[in-house]
$ cat my_file-v5.cif   # mmCIF, N, CA and C atoms
data_target
#
loop_
_atom_site.group_PDB
_atom_site.id
_atom_site.type_symbol
_atom_site.label_atom_id
_atom_site.label_comp_id
_atom_site.auth_asym_id
_atom_site.auth_seq_id
_atom_site.Cartn_x
_atom_site.Cartn_y
_atom_site.Cartn_z
ATOM 1 N N MET L 6 62.347 72.810 69.335
ATOM 2 C CA MET L 6 61.553 73.846 68.732
ATOM 3 C C MET L 6 61.905 75.182 69.380
ATOM 4 N N LYS L 7 62.079 76.211 68.551
ATOM 5 C CA LYS L 7 62.423 77.534 69.038
ATOM 6 C C LYS L 7 61.199 78.229 69.609
ATOM 7 N N LYS L 8 61.437 79.041 70.637
ATOM 8 C CA LYS L 8 60.372 79.870 71.175
ATOM 9 C C LYS L 8 60.165 81.058 70.244
ATOM 10 N N ARG L 9 58.948 81.421 70.046
ATOM 11 C CA ARG L 9 58.628 82.568 69.194
ATOM 12 C C ARG L 9 58.985 83.845 69.933
ATOM 13 N N GLN L 10 59.659 84.748 69.281
ATOM 14 C CA GLN L 10 60.007 86.042 69.851
ATOM 15 C C GLN L 10 58.980 87.077 69.380
ATOM 16 N N TYR L 11 58.347 87.744 70.310
ATOM 17 C CA TYR L 11 57.348 88.755 69.982
ATOM 18 C C TYR L 11 57.964 90.139 70.106
ATOM 19 N N THR L 12 57.583 91.021 69.212
ATOM 20 C CA THR L 12 58.084 92.389 69.267
ATOM 21 C C THR L 12 57.322 93.164 70.333
ATOM 22 N N GLY L 13 57.866 94.290 70.705
ATOM 23 C CA GLY L 13 57.198 95.154 71.657
ATOM 24 C C GLY L 13 55.845 95.623 71.141
ATOM 25 N N ASP L 14 55.761 95.876 69.840
ATOM 26 C CA ASP L 14 54.494 96.313 69.243
ATOM 27 C C ASP L 14 53.433 95.210 69.310
ATOM 28 N N GLU L 15 53.862 93.973 69.103
ATOM 29 C CA GLU L 15 52.919 92.856 69.185
ATOM 30 C C GLU L 15 52.387 92.709 70.610
ATOM 31 N N LYS L 16 53.291 92.811 71.563
ATOM 32 C CA LYS L 16 52.886 92.696 72.961
ATOM 33 C C LYS L 16 51.944 93.841 73.342
ATOM 34 N N LEU L 17 52.298 95.035 72.914
ATOM 35 C CA LEU L 17 51.474 96.204 73.210
ATOM 36 C C LEU L 17 50.091 96.070 72.607
ATOM 37 N N SER L 18 50.026 95.553 71.403
ATOM 38 C CA SER L 18 48.739 95.356 70.737
ATOM 39 C C SER L 18 47.834 94.433 71.549
ATOM 40 N N VAL L 19 48.396 93.356 72.059
ATOM 41 C CA VAL L 19 47.623 92.401 72.867
ATOM 42 C C VAL L 19 47.165 93.064 74.162
ATOM 43 N N VAL L 20 48.077 93.761 74.825
ATOM 44 C CA VAL L 20 47.745 94.398 76.100
ATOM 45 C C VAL L 20 46.658 95.457 75.906
ATOM 46 N N LEU L 21 46.778 96.262 74.866
ATOM 47 C CA LEU L 21 45.763 97.292 74.616
ATOM 48 C C LEU L 21 44.402 96.667 74.302
ATOM 49 N N GLU L 22 44.428 95.582 73.555
ATOM 50 C CA GLU L 22 43.183 94.871 73.240
ATOM 51 C C GLU L 22 42.544 94.345 74.530
ATOM 52 N N MET L 23 43.370 93.861 75.434
ATOM 53 C CA MET L 23 42.859 93.377 76.724
ATOM 54 C C MET L 23 42.232 94.523 77.514
ATOM 55 N N MET L 24 42.881 95.659 77.489
ATOM 56 C CA MET L 24 42.410 96.799 78.271
ATOM 57 C C MET L 24 41.123 97.408 77.700
ATOM 58 N N LYS L 25 40.945 97.293 76.399
ATOM 59 C CA LYS L 25 39.718 97.811 75.787
ATOM 60 C C LYS L 25 38.487 97.096 76.333
ATOM 61 N N GLY L 26 38.620 95.799 76.573
ATOM 62 C CA GLY L 26 37.528 95.026 77.138
ATOM 63 C C GLY L 26 36.425 94.675 76.147
ATOM 64 N N GLN L 27 36.679 94.847 74.868
ATOM 65 C CA GLN L 27 35.665 94.532 73.855
ATOM 66 C C GLN L 27 35.605 93.048 73.538
ATOM 67 N N LYS L 28 36.692 92.350 73.821
ATOM 68 C CA LYS L 28 36.766 90.910 73.588
ATOM 69 C C LYS L 28 37.212 90.243 74.883
ATOM 70 N N THR L 29 36.919 88.971 75.003
ATOM 71 C CA THR L 29 37.393 88.240 76.170
ATOM 72 C C THR L 29 38.876 87.928 75.983
ATOM 73 N N ILE L 30 39.534 87.659 77.080
ATOM 74 C CA ILE L 30 40.958 87.301 77.031
ATOM 75 C C ILE L 30 41.132 86.041 76.179
ATOM 76 N N THR L 31 40.213 85.106 76.326
ATOM 77 C CA THR L 31 40.276 83.863 75.559
ATOM 78 C C THR L 31 40.224 84.149 74.063
ATOM 79 N N GLN L 32 39.329 85.036 73.648
ATOM 80 C CA GLN L 32 39.230 85.382 72.223
ATOM 81 C C GLN L 32 40.519 86.014 71.720
ATOM 82 N N ILE L 33 41.041 86.944 72.472
ATOM 83 C CA ILE L 33 42.273 87.634 72.064
ATOM 84 C C ILE L 33 43.419 86.642 71.929
ATOM 85 N N CYS L 34 43.541 85.761 72.899
ATOM 86 C CA CYS L 34 44.644 84.792 72.890
ATOM 87 C C CYS L 34 44.515 83.809 71.730
ATOM 88 N N LYS L 35 43.309 83.376 71.426
ATOM 89 C CA LYS L 35 43.112 82.474 70.289
ATOM 90 C C LYS L 35 43.477 83.172 68.986
ATOM 91 N N GLU L 36 43.057 84.429 68.838
ATOM 92 C CA GLU L 36 43.376 85.188 67.624
ATOM 93 C C GLU L 36 44.880 85.379 67.454
ATOM 94 N N GLN L 37 45.564 85.607 68.562
ATOM 95 C CA GLN L 37 47.005 85.872 68.504
ATOM 96 C C GLN L 37 47.857 84.610 68.600
ATOM 97 N N GLY L 38 47.235 83.495 68.966
ATOM 98 C CA GLY L 38 47.965 82.233 69.081
ATOM 99 C C GLY L 38 48.895 82.201 70.285
ATOM 100 N N ILE L 39 48.450 82.795 71.389
ATOM 101 C CA ILE L 39 49.263 82.823 72.600
ATOM 102 C C ILE L 39 48.447 82.265 73.765
ATOM 103 N N SER L 40 49.136 81.920 74.830
ATOM 104 C CA SER L 40 48.430 81.421 76.016
ATOM 105 C C SER L 40 47.922 82.601 76.842
ATOM 106 N N GLU L 41 46.926 82.320 77.652
ATOM 107 C CA GLU L 41 46.386 83.364 78.521
ATOM 108 C C GLU L 41 47.438 83.794 79.549
ATOM 109 N N ALA L 42 48.226 82.844 80.014
ATOM 110 C CA ALA L 42 49.273 83.160 80.988
ATOM 111 C C ALA L 42 50.263 84.169 80.408
ATOM 112 N N LEU L 43 50.615 83.987 79.141
ATOM 113 C CA LEU L 43 51.535 84.908 78.483
ATOM 114 C C LEU L 43 50.902 86.292 78.347
ATOM 115 N N ALA L 44 49.649 86.335 77.977
ATOM 116 C CA ALA L 44 48.947 87.616 77.830
ATOM 117 C C ALA L 44 48.902 88.357 79.167
ATOM 118 N N TYR L 45 48.596 87.632 80.238
ATOM 119 C CA TYR L 45 48.550 88.270 81.554
ATOM 120 C C TYR L 45 49.942 88.737 81.998
ATOM 121 N N ARG L 46 50.975 87.981 81.645
ATOM 122 C CA ARG L 46 52.336 88.385 81.990
ATOM 123 C C ARG L 46 52.692 89.682 81.268
ATOM 124 N N TRP L 47 52.336 89.785 79.974
ATOM 125 C CA TRP L 47 52.583 91.014 79.225
ATOM 126 C C TRP L 47 51.822 92.185 79.835
ATOM 127 N N ARG L 48 50.579 91.930 80.248
ATOM 128 C CA ARG L 48 49.776 92.983 80.863
ATOM 129 C C ARG L 48 50.445 93.474 82.137
ATOM 130 N N ASP L 49 50.892 92.530 82.975
ATOM 131 C CA ASP L 49 51.535 92.900 84.230
ATOM 132 C C ASP L 49 52.824 93.682 83.998
ATOM 133 N N GLU L 50 53.601 93.273 83.001
ATOM 134 C CA GLU L 50 54.835 93.986 82.669
ATOM 135 C C GLU L 50 54.524 95.395 82.179
ATOM 136 N N ALA L 51 53.474 95.516 81.377
ATOM 137 C CA ALA L 51 53.081 96.832 80.869
ATOM 138 C C ALA L 51 52.640 97.741 82.010
ATOM 139 N N LEU L 52 51.883 97.203 82.937
ATOM 140 C CA LEU L 52 51.423 97.998 84.078
ATOM 141 C C LEU L 52 52.597 98.433 84.955
ATOM 142 N N GLU L 53 53.579 97.547 85.142
ATOM 143 C CA GLU L 53 54.768 97.910 85.917
ATOM 144 C C GLU L 53 55.550 99.021 85.215
ATOM 145 N N GLY L 54 55.638 98.919 83.884
ATOM 146 C CA GLY L 54 56.328 99.956 83.112
ATOM 147 C C GLY L 54 55.621 101.296 83.227
ATOM 148 N N MET L 55 54.297 101.280 83.183
ATOM 149 C CA MET L 55 53.541 102.518 83.329
ATOM 150 C C MET L 55 53.728 103.088 84.734
ATOM 151 N N LYS L 56 53.721 102.219 85.719
ATOM 152 C CA LYS L 56 53.895 102.657 87.105
ATOM 153 C C LYS L 56 55.263 103.320 87.274
ATOM 154 N N ALA L 57 56.288 102.710 86.712
ATOM 155 C CA ALA L 57 57.635 103.278 86.801
ATOM 156 C C ALA L 57 57.701 104.612 86.061
ATOM 157 N N GLY L 58 57.022 104.691 84.936
ATOM 158 C CA GLY L 58 57.020 105.927 84.160
ATOM 159 C C GLY L 58 56.312 107.061 84.858
ATOM 160 N N LEU L 59 55.382 106.737 85.724
ATOM 161 C CA LEU L 59 54.623 107.761 86.427
ATOM 162 C C LEU L 59 55.112 107.985 87.853
ATOM 163 N N SER L 60 56.188 107.316 88.233
ATOM 164 C CA SER L 60 56.693 107.436 89.607
ATOM 165 C C SER L 60 57.329 108.807 89.817
ATOM 166 N N ASP L 61 57.662 109.087 91.042
ATOM 167 C CA ASP L 61 58.231 110.368 91.433
ATOM 168 C C ASP L 61 59.630 110.516 90.835
ATOM 169 N N LYS L 62 59.761 111.395 89.874
ATOM 170 C CA LYS L 62 61.040 111.593 89.176
ATOM 171 C C LYS L 62 62.078 112.272 90.063
ATOM 172 N N ARG L 63 61.637 112.941 91.122
ATOM 173 C CA ARG L 63 62.585 113.629 91.999
ATOM 174 C C ARG L 63 63.549 112.647 92.645
ATOM 175 N N LYS L 64 63.089 111.454 92.960
ATOM 176 C CA LYS L 64 63.961 110.445 93.561
ATOM 177 C C LYS L 64 65.041 110.026 92.575
ATOM 178 N N MET L 65 64.655 109.918 91.298
ATOM 179 C CA MET L 65 65.618 109.504 90.281
ATOM 180 C C MET L 65 66.656 110.592 90.040
ATOM 181 N N ARG L 66 66.258 111.859 90.132
ATOM 182 C CA ARG L 66 67.180 112.964 89.905
ATOM 183 C C ARG L 66 68.121 113.171 91.081
ATOM 184 N N GLN L 67 67.812 112.604 92.217
ATOM 185 C CA GLN L 67 68.616 112.764 93.416
ATOM 186 C C GLN L 67 70.018 112.189 93.221
ATOM 187 N N VAL L 68 70.147 111.158 92.436
ATOM 188 C CA VAL L 68 71.435 110.505 92.225
ATOM 189 C C VAL L 68 72.402 111.428 91.493
ATOM 190 N N ALA L 69 71.941 112.100 90.465
ATOM 191 C CA ALA L 69 72.810 112.956 89.661
ATOM 192 C C ALA L 69 73.413 114.100 90.480
ATOM 193 N N PRO L 70 72.639 114.830 91.298
ATOM 194 C CA PRO L 70 73.249 115.896 92.089
ATOM 195 C C PRO L 70 74.309 115.375 93.056
ATOM 196 N N ASP L 71 74.122 114.202 93.613
ATOM 197 C CA ASP L 71 75.118 113.639 94.523
ATOM 198 C C ASP L 71 76.423 113.358 93.788
ATOM 199 N N ALA L 72 76.335 112.825 92.596
ATOM 200 C CA ALA L 72 77.527 112.547 91.800
ATOM 201 C C ALA L 72 78.209 113.854 91.403
ATOM 202 N N GLU L 73 77.419 114.855 91.045
ATOM 203 C CA GLU L 73 77.972 116.160 90.666
ATOM 204 C C GLU L 73 78.654 116.807 91.870
ATOM 205 N N LYS L 74 78.059 116.667 93.035
ATOM 206 C CA LYS L 74 78.646 117.218 94.258
ATOM 207 C C LYS L 74 80.003 116.584 94.521
ATOM 208 N N GLU L 75 80.083 115.273 94.390
ATOM 209 C CA GLU L 75 81.359 114.576 94.601
ATOM 210 C C GLU L 75 82.413 115.036 93.607
ATOM 211 N N ARG L 76 82.015 115.197 92.357
ATOM 212 C CA ARG L 76 82.944 115.647 91.314
ATOM 213 C C ARG L 76 83.483 117.035 91.634
ATOM 214 N N LEU L 77 82.600 117.945 92.046
ATOM 215 C CA LEU L 77 83.016 119.309 92.364
ATOM 216 C C LEU L 77 83.901 119.366 93.605
ATOM 217 N N LEU L 78 83.587 118.544 94.608
ATOM 218 C CA LEU L 78 84.434 118.502 95.806
ATOM 219 C C LEU L 78 85.840 118.007 95.470
ATOM 220 N N LYS L 79 85.932 117.074 94.553
ATOM 221 C CA LYS L 79 87.244 116.576 94.126
ATOM 222 C C LYS L 79 88.040 117.689 93.456
ATOM 223 N N ILE L 80 87.378 118.454 92.588
ATOM 224 C CA ILE L 80 88.045 119.569 91.905
ATOM 225 C C ILE L 80 88.501 120.616 92.916
ATOM 226 N N ILE L 81 87.637 120.933 93.877
ATOM 227 C CA ILE L 81 87.985 121.915 94.910
ATOM 228 C C ILE L 81 89.205 121.442 95.691
ATOM 229 N N GLY L 82 89.237 120.179 96.031
ATOM 230 C CA GLY L 82 90.384 119.628 96.745
ATOM 231 C C GLY L 82 91.671 119.757 95.944
ATOM 232 N N GLN L 83 91.601 119.443 94.660
ATOM 233 C CA GLN L 83 92.776 119.548 93.804
ATOM 234 C C GLN L 83 93.243 121.002 93.699
ATOM 235 N N GLN L 84 92.292 121.916 93.549
ATOM 236 C CA GLN L 84 92.646 123.327 93.443
ATOM 237 C C GLN L 84 93.243 123.855 94.746
ATOM 238 N N THR L 85 92.753 123.369 95.866
ATOM 239 C CA THR L 85 93.297 123.782 97.161
ATOM 240 C C THR L 85 94.751 123.358 97.288
ATOM 241 N N VAL L 86 95.065 122.165 96.855
ATOM 242 C CA VAL L 86 96.457 121.685 96.902
ATOM 243 C C VAL L 86 97.336 122.565 96.020
ATOM 244 N N ILE L 87 96.869 122.902 94.838
ATOM 245 C CA ILE L 87 97.649 123.743 93.917
ATOM 246 C C ILE L 87 97.874 125.128 94.516
ATOM 247 N N ILE L 88 96.836 125.714 95.091
ATOM 248 C CA ILE L 88 96.948 127.054 95.688
ATOM 249 C C ILE L 88 97.946 127.042 96.842
ATOM 250 N N GLU L 89 97.855 126.033 97.703
ATOM 251 C CA GLU L 89 98.773 125.945 98.830
ATOM 252 C C GLU L 89 100.217 125.779 98.354
ATOM 253 N N PHE L 90 100.400 124.982 97.290
ATOM 254 C CA PHE L 90 101.742 124.800 96.740
ATOM 255 C C PHE L 90 102.271 126.114 96.172
ATOM 256 N N GLN L 91 101.400 126.865 95.458
ATOM 257 C CA GLN L 91 101.812 128.150 94.886
ATOM 258 C C GLN L 91 102.142 129.156 95.985
ATOM 259 N N LYS L 92 101.389 129.138 97.073
ATOM 260 C CA LYS L 92 101.679 130.031 98.201
ATOM 261 C C LYS L 92 103.048 129.707 98.789
ATOM 262 N N LYS L 93 103.333 128.416 98.910
ATOM 263 C CA LYS L 93 104.613 127.989 99.487
ATOM 264 C C LYS L 93 105.765 128.445 98.601
ATOM 265 N N ILE L 94 105.625 128.263 97.284
ATOM 266 C CA ILE L 94 106.677 128.687 96.347
ATOM 267 C C ILE L 94 106.838 130.204 96.389
ATOM 268 N N ALA L 95 105.717 130.939 96.380
ATOM 269 C CA ALA L 95 105.770 132.402 96.415
ATOM 270 C C ALA L 95 106.440 132.882 97.696
ATOM 271 N N HIS L 96 106.156 132.223 98.804
ATOM 272 C CA HIS L 96 106.756 132.608 100.076
ATOM 273 C C HIS L 96 108.273 132.369 100.067
ATOM 274 N N GLU L 97 108.706 131.264 99.451
ATOM 275 C CA GLU L 97 110.145 130.960 99.388
ATOM 276 C C GLU L 97 110.877 131.949 98.513
ATOM 277 N N PHE L 98 110.263 132.415 97.420
ATOM 278 C CA PHE L 98 110.924 133.371 96.531
ATOM 279 C C PHE L 98 110.953 134.774 97.135
ATOM 280 N N SER L 99 109.963 135.082 97.945
ATOM 281 C CA SER L 99 109.907 136.426 98.524
ATOM 282 C C SER L 99 110.806 136.550 99.751
ATOM 283 N N ALA L 100 111.233 135.458 100.291
ATOM 284 C CA ALA L 100 112.040 135.519 101.503
ATOM 285 C C ALA L 100 113.510 135.747 101.231
#

$ encode --input "my_file-v5.cif" --output "structure tokens"
Amino acid sequence: MKKRQYTGDEKLSVVLEMMKGQKTITQICKEQGISEALAYRWRDEALEGMKAGLSDKRKMRQVAPDAEKERLLKIIGQQTVIIEFQKKIAHEFSA
């Protein structure tokens, strides 16, 4: 027997119904035809997602500047080699 695949909207509907507190978890699960363990797992996943969404974004942005810094340092290094080579050629022609 195949496991039923639930959409994100279906899971969200169950979690929101749980959070409203107007019905018991047992009632919600019977109406939706799911186990209480599954409902609690969806709730926990939703809470983790909310926590991640509200976390400090500055830490996440820290990665991008480091990568950009490395990229720019590489370009500077390449340009330095070109400039030094051009100086050497210019010096040989002027001598």

$ residues_around --input "my_file-v5.cif" --residues "segment 8-22 of chain L" --least-positions-apart "5" --cutoff "8 Å" --atoms "all atoms listed in the file" --output "list in words"
Gln27, Lys28, Thr29, Ile30, Ile33, Cys34, Gln37, Ala44, Tyr45, Trp47, Arg48, Asp49 and Ala51 of chain L

$ select_by_dssp --input "my_file-v5.cif" --residues "chain L" --states "alpha helix (DSSP H)" --output "ChimeraX atom specification"
/L:13-25,30-37,41-58,62-66,68-99

$ atom_distance --input "my_file-v5.cif" --atom1 "atom C of Phe90 of chain L" --atom2 "atom C of Ala72 of chain L"
27.4 Å
